[in-house]
file work_14.pdb (PDB, C-alpha atoms)
ATOM      1  CA  MET A  29      -1.126   0.544   1.077
ATOM      2  CA  ASP A  30      -3.095  -0.537   4.108
ATOM      3  CA  ILE A  31      -0.606  -0.253   6.949
ATOM      4  CA  LYS A  32      -1.464  -2.321  10.009
ATOM      5  CA  THR A  33       1.910  -2.940  11.717
ATOM      6  CA  PHE A  34       5.190  -1.126  12.253
ATOM      7  CA  GLY A  35       6.797  -3.703   9.960
ATOM      8  CA  GLU A  36       4.404  -2.708   7.174
ATOM      9  CA  LEU A  37       5.113   0.959   7.891
ATOM     10  CA  ILE A  38       8.831   0.288   7.446
ATOM     11  CA  SER A  39       8.161  -1.619   4.210
ATOM     12  CA  TRP A  40       6.071   1.293   2.973
ATOM     13  CA  THR A  41       8.808   3.861   3.639
ATOM     14  CA  ARG A  42      11.373   1.512   2.048
ATOM     15  CA  ASP A  43       9.161   1.388  -1.034
ATOM     16  CA  LEU A  44       8.881   5.194  -1.043
ATOM     17  CA  HIS A  45      12.674   5.486  -1.129
ATOM     18  CA  ALA A  46      12.826   2.893  -3.940
ATOM     19  CA  HIS A  47      10.167   4.703  -5.927
ATOM     20  CA  LEU A  48      11.917   8.036  -5.487
ATOM     21  CA  ALA A  49      15.218   6.478  -6.596
ATOM     22  CA  ARG A  50      13.632   5.180  -9.815
ATOM     23  CA  CYS A  51      11.899   8.483 -10.463
ATOM     24  CA  LEU A  52      15.073  10.538  -9.918
ATOM     25  CA  SER A  53      17.063   8.196 -12.140
ATOM     26  CA  ASP A  54      14.490   8.344 -14.936
ATOM     27  CA  CYS A  55      14.369  12.133 -14.779
ATOM     28  CA  ALA A  56      18.153  12.555 -14.769
ATOM     29  CA  THR A  57      18.442  11.874 -18.481
ATOM     30  CA  LYS A  58      15.501  14.155 -19.282
ATOM     31  CA  ASN A  59      16.569  17.269 -17.388
ATOM     32  CA  GLU A  60      18.281  19.812 -19.643
ATOM     33  CA  GLU A  61      20.460  21.393 -16.915
ATOM     34  CA  GLU A  62      23.813  19.621 -16.479
ATOM     35  CA  ARG A  63      24.057  20.375 -12.743
ATOM     36  CA  ALA A  64      20.517  19.096 -12.226
ATOM     37  CA  GLN A  65      21.365  15.891 -14.104
ATOM     38  CA  ALA A  66      24.362  15.274 -11.846
ATOM     39  CA  LEU A  67      22.259  16.005  -8.767
ATOM     40  CA  LEU A  68      19.502  13.649  -9.893
ATOM     41  CA  ASP A  69      22.019  10.873 -10.510
ATOM     42  CA  TYR A  70      23.542  11.379  -7.076
ATOM     43  CA  LEU A  71      20.132  11.528  -5.366
ATOM     44  CA  ALA A  72      18.962   8.376  -7.153
ATOM     45  CA  THR A  73      21.996   6.513  -5.822
ATOM     46  CA  HIS A  74      21.400   7.917  -2.345
ATOM     47  CA  GLU A  75      17.730   6.898  -2.347
ATOM     48  CA  SER A  76      18.643   3.382  -3.450
ATOM     49  CA  GLU A  77      21.019   3.208  -0.505
ATOM     50  CA  MET A  78      18.237   4.501   1.772
ATOM     51  CA  GLU A  79      15.998   1.705   0.482
ATOM     52  CA  ARG A  80      18.680  -0.833   1.446
ATOM     53  CA  ILE A  81      19.231   0.705   4.895
ATOM     54  CA  VAL A  82      15.518   0.835   5.711
ATOM     55  CA  ASN A  83      15.173  -2.778   4.584
ATOM     56  CA  GLU A  84      17.897  -3.742   7.077
ATOM     57  CA  PHE A  85      15.765  -2.284   9.868
ATOM     58  CA  LYS A  86      12.970  -4.586   8.757
ATOM     59  CA  SER A  87      15.287  -7.597   8.517
ATOM     60  CA  GLN A  88      16.980  -7.047  11.843
ATOM     61  CA  GLY A  89      14.169  -5.393  13.795
ATOM     62  CA  ASP A  90      12.688  -6.835  16.952
ATOM     63  CA  SER A  91       9.804  -9.098  15.889
ATOM     64  CA  LYS A  92       7.651  -7.829  18.752
ATOM     65  CA  ALA A  93       8.104  -4.261  17.516
ATOM     66  CA  LEU A  94       7.575  -5.156  13.854
ATOM     67  CA  GLU A  95       4.295  -6.940  14.591
ATOM     68  CA  THR A  96       2.948  -4.172  16.823
ATOM     69  CA  ARG A  97      -0.279  -2.761  15.432
ATOM     70  CA  VAL A  98      -0.275   0.822  14.156
ATOM     71  CA  TYR A  99      -3.571   2.322  15.245
ATOM     72  CA  ASP A 100      -2.853   6.016  14.870
ATOM     73  CA  TYR A 101      -1.184   5.900  11.478
ATOM     74  CA  LEU A 102      -4.222   7.044   9.533
ATOM     75  CA  SER A 103      -4.437  10.246  11.545
ATOM     76  CA  HIS A 104      -0.983  11.259  10.291
ATOM     77  CA  HIS A 105      -0.925  13.336   7.125
ATOM     78  CA  PRO A 106       0.055  11.122   4.196
ATOM     79  CA  ILE A 107       3.461  11.733   2.674
ATOM     80  CA  LYS A 108       3.258  13.787  -0.488
ATOM     81  CA  THR A 109       5.458  12.432  -3.202
ATOM     82  CA  HIS A 110       5.260  12.085  -6.930
ATOM     83  CA  ARG A 111       3.983   8.503  -6.682
ATOM     84  CA  THR A 112       3.335   8.216 -10.397
ATOM     85  CA  CYS A 113       6.572  10.004 -11.325
ATOM     86  CA  ASP A 114       5.160  12.003 -14.170
ATOM     87  CA  GLU A 115       8.683  13.388 -14.628
ATOM     88  CA  PRO A 116       8.415  16.385 -12.261
ATOM     89  CA  TYR A 117      12.163  16.362 -11.552
ATOM     90  CA  ALA A 118      12.964  16.643 -15.252
ATOM     91  CA  GLN A 119      11.404  20.125 -15.202
ATOM     92  CA  LEU A 120      13.012  21.413 -11.991
ATOM     93  CA  ASP A 121      16.311  23.225 -11.610
ATOM     94  CA  PHE A 122      19.005  22.324  -9.052
ATOM     95  CA  GLU A 123      17.397  24.298  -6.210
ATOM     96  CA  GLY A 124      13.892  23.048  -7.001
ATOM     97  CA  ILE A 125      15.054  19.430  -6.908
ATOM     98  CA  CYS A 126      16.750  20.047  -3.554
ATOM     99  CA  ARG A 127      13.573  21.578  -2.108
ATOM    100  CA  GLU A 128      11.453  18.630  -3.260
ATOM    101  CA  VAL A 129      13.816  15.931  -1.984
ATOM    102  CA  PHE A 130      14.403  17.610   1.386
ATOM    103  CA  ASP A 131      10.653  18.111   1.786
ATOM    104  CA  PHE A 132      10.188  14.379   1.140
ATOM    105  CA  HIS A 133      12.767  13.518   3.815
ATOM    106  CA  ASP A 134      11.256  16.027   6.263
ATOM    107  CA  GLN A 135       7.889  14.305   5.858
ATOM    108  CA  ILE A 136       9.376  10.878   6.586
ATOM    109  CA  GLU A 137      11.180  12.244   9.642
ATOM    110  CA  ASP A 138       7.935  13.818  10.849
ATOM    111  CA  LEU A 139       6.132  10.503  10.352
ATOM    112  CA  TYR A 140       8.735   8.555  12.360
ATOM    113  CA  ARG A 141       8.795  11.242  15.070
ATOM    114  CA  THR A 142       5.006  11.169  15.378
ATOM    115  CA  MET A 143       4.874   7.386  15.443
ATOM    116  CA  ALA A 144       7.715   7.123  17.974
ATOM    117  CA  ASP A 145       5.876   9.526  20.257
ATOM    118  CA  LYS A 146       2.728   7.387  20.017
ATOM    119  CA  ALA A 147       4.417   3.992  20.324
ATOM    120  CA  GLU A 148       3.252   2.237  23.461
ATOM    121  CA  ILE A 149       5.773  -0.573  23.766
ATOM    122  CA  PRO A 150       9.478   0.158  24.335
ATOM    123  CA  GLU A 151      10.641  -2.068  21.454
ATOM    124  CA  ALA A 152       8.495  -0.188  18.930
ATOM    125  CA  LYS A 153       9.537   3.185  20.324
ATOM    126  CA  GLU A 154      13.206   2.176  20.104
ATOM    127  CA  LEU A 155      12.806   0.912  16.534
ATOM    128  CA  LEU A 156      11.099   4.083  15.366
ATOM    129  CA  GLN A 157      13.591   6.296  17.196
ATOM    130  CA  SER A 158      16.429   4.412  15.455
ATOM    131  CA  LEU A 159      14.744   4.914  12.082
ATOM    132  CA  LEU A 160      14.260   8.613  12.842
ATOM    133  CA  THR A 161      17.909   9.029  13.842
ATOM    134  CA  MET A 162      19.031   7.258  10.669
ATOM    135  CA  GLU A 163      16.794   9.464   8.481
ATOM    136  CA  GLU A 164      18.043  12.626  10.216
ATOM    137  CA  ASN A 165      21.692  11.598   9.832
ATOM    138  CA  GLU A 166      21.214  10.693   6.185
ATOM    139  CA  ALA A 167      19.465  14.014   5.520
ATOM    140  CA  MET A 168      22.401  15.864   7.093
ATOM    141  CA  ARG A 169      24.853  13.839   5.012
ATOM    142  CA  LEU A 170      22.793  14.563   1.917
ATOM    143  CA  ALA A 171      22.760  18.299   2.717
ATOM    144  CA  ARG A 172      26.568  18.324   3.092
ATOM    145  CA  GLN A 173      27.079  16.469  -0.194
ATOM    146  CA  ILE A 174      24.668  18.720  -2.074
ATOM    147  CA  GLY A 175      26.363  21.749  -0.549
ATOM    148  CA  ARG A 176      29.671  20.498  -1.939
ATOM    149  CA  MET A 177      28.102  19.923  -5.341
ATOM    150  CA  ASN A 178      26.694  23.433  -5.256
ATOM    151  CA  ASP A 179      30.118  24.859  -4.376
ATOM    152  CA  LEU A 180      31.590  23.330  -7.519
TER     153      LEU A 180
END
call {"tool": "encode", "arguments": {"input": "work_14.pdb", "output": "structure tokens"}}
result
Amino acid sequence: MDIKTFGELISWTRDLHAHLARCLSDCATKNEEERAQALLDYLATHESEMERIVNEFKSQGDSKALETRVYDYLSHHPIKTHRTCDEPYAQLDFEGICREVFDFHDQIEDLYRTMADKAEIPEAKELLQSLLTMEENEAMRLARQIGRMNDL
């Protein structure tokens, strides 16, 4: 995707969450480990919710911030995800799935942090900082929930 504005950047990350949700859901039925299946189902639901939350930022965001051009985006390392979803999560165990999903979220947080630091107008900086805070809070919530699943 050719990202030119912060609005397009938000749409792109929303789409990443949606793609991950579909991929996790598809792999849940194919993983042989029962705990991994339950984790994949939970994560798919969580990623769908993340898609909805990120979309709200786009819907309710300041139009000035959303239309601000993103000049330095291409210098950021692209997010590594299983874009084609060739069923990688179907082969991973519980811990492997956790590592992959948390790495994905760490990359998004790093992207928002980098972009917030480079944002030149206050509205764009505020928008990206809000997105970063939301991603960090959701990652912490996810870690707590997975910890509880692991305890069972």
call {"tool": "closest_residue", "arguments": {"input": "work_14.pdb", "among": "A:Val129, A:Leu71, A:Ile81, A:Ile38", "to": "Met143 (chain A)", "atoms": "all atoms listed in the file"}}
result
A:Ile38
call {"tool": "atom_distance", "arguments": {"input": "work_14.pdb", "atom1": "CA of His74 (chain A)", "atom2": "CA of Gln88 (chain A)"}}
result
21.1 Å
call {"tool": "residues_near_point", "arguments": {"input": "work_14.pdb", "point": "(5.5, -0.8, 13.7)", "cutoff": "7 Å", "atoms": "only C-alpha atoms", "output": "list in words"}}
result
Thr33, Phe34, Gly35, Glu36, Leu37, Ala93, Leu94, Glu95, Thr96, Arg97, Val98 and Ala152 of chain A
call {"tool": "closest_residue", "arguments": {"input": "work_14.pdb", "among": "A:Asp90, A:Glu79, A:Asp179, A:Glu123", "to": "Glu163 (chain A)", "atoms": "only C-alpha atoms"}}
result
A:Glu79
call {"tool": "atom_distance", "arguments": {"input": "work_14.pdb", "atom1": "CA of Met177 (chain A)", "atom2": "CA of Leu139 (chain A)"}}
result
28.6 Å
call {"tool": "residues_around", "arguments": {"input": "work_14.pdb", "residues": "Thr73 (chain A)", "least_positions_apart": "5", "cutoff": "10 Å", "atoms": "only C-alpha atoms", "output": "count of residues only"}}
result
8
call {"tool": "atom_distance", "arguments": {"input": "work_14.pdb", "atom1": "CA of Thr57 (chain A)", "atom2": "CA of His45 (chain A)"}}
result
19.4 Å
call {"tool": "resolve_selection", "arguments": {"input": "work_14.pdb", "expression": "the PyMOL selection byres ((chain A and resi 119) around 10)", "output": "list in words"}}
result
Cys55, Lys58, Asn59, Glu60, Glu61, Ala64, Glu115, Pro116, Tyr117, Ala118, Leu120, Asp121, Gly124 and Ile125 of chain A
call {"tool": "write_last_selection", "arguments": {"input": "work_14.pdb", "atoms": "C-alpha atoms", "output": "CSV table (one decimal), in the frame of the given file"}}
result
chain,number,residue,atom,x,y,z
A,55,CYS,CA,14.4,12.1,-14.8
A,58,LYS,CA,15.5,14.2,-19.3
A,59,ASN,CA,16.6,17.3,-17.4
A,60,GLU,CA,18.3,19.8,-19.6
A,61,GLU,CA,20.5,21.4,-16.9
A,64,ALA,CA,20.5,19.1,-12.2
A,115,GLU,CA,8.7,13.4,-14.6
A,116,PRO,CA,8.4,16.4,-12.3
A,117,TYR,CA,12.2,16.4,-11.6
A,118,ALA,CA,13.0,16.6,-15.3
A,120,LEU,CA,13.0,21.4,-12.0
A,121,ASP,CA,16.3,23.2,-11.6
A,124,GLY,CA,13.9,23.0,-7.0
A,125,ILE,CA,15.1,19.4,-6.9
call {"tool": "closest_residue", "arguments": {"input": "work_14.pdb", "among": "A:Asp54, A:Asp43, A:Glu62, A:Glu164", "to": "Glu137 (chain A)", "atoms": "all atoms listed in the file"}}
result
A:Glu164
call {"tool": "closest_residue", "arguments": {"input": "work_14.pdb", "among": "A:Ala171, A:Cys126, A:Ala147, A:Met162", "to": "Arg63 (chain A)", "atoms": "all atoms listed in the file"}}
result
A:Cys126
call {"tool": "closest_residue", "arguments": {"input": "work_14.pdb", "among": "A:Phe122, A:Tyr70, A:Phe85, A:Phe130", "to": "Ser158 (chain A)", "atoms": "all atoms listed in the file"}}
result
A:Phe85
call {"tool": "closest_residue", "arguments": {"input": "work_14.pdb", "among": "A:His47, A:Arg172, A:Arg127, A:Arg141", "to": "Glu154 (chain A)", "atoms": "only C-alpha atoms"}}
result
A:Arg141
call {"tool": "axis_aligned_box", "arguments": {"input": "work_14.pdb", "around": "region 67-75 of chain A", "padding_each_side": "6 Å", "output": "lines of an AutoDock Vina configuration file"}}
result
center_x = 20.6
center_y = 11.3
center_z = -6.4
size_x = 17.8
size_y = 21.5
size_z = 20.2
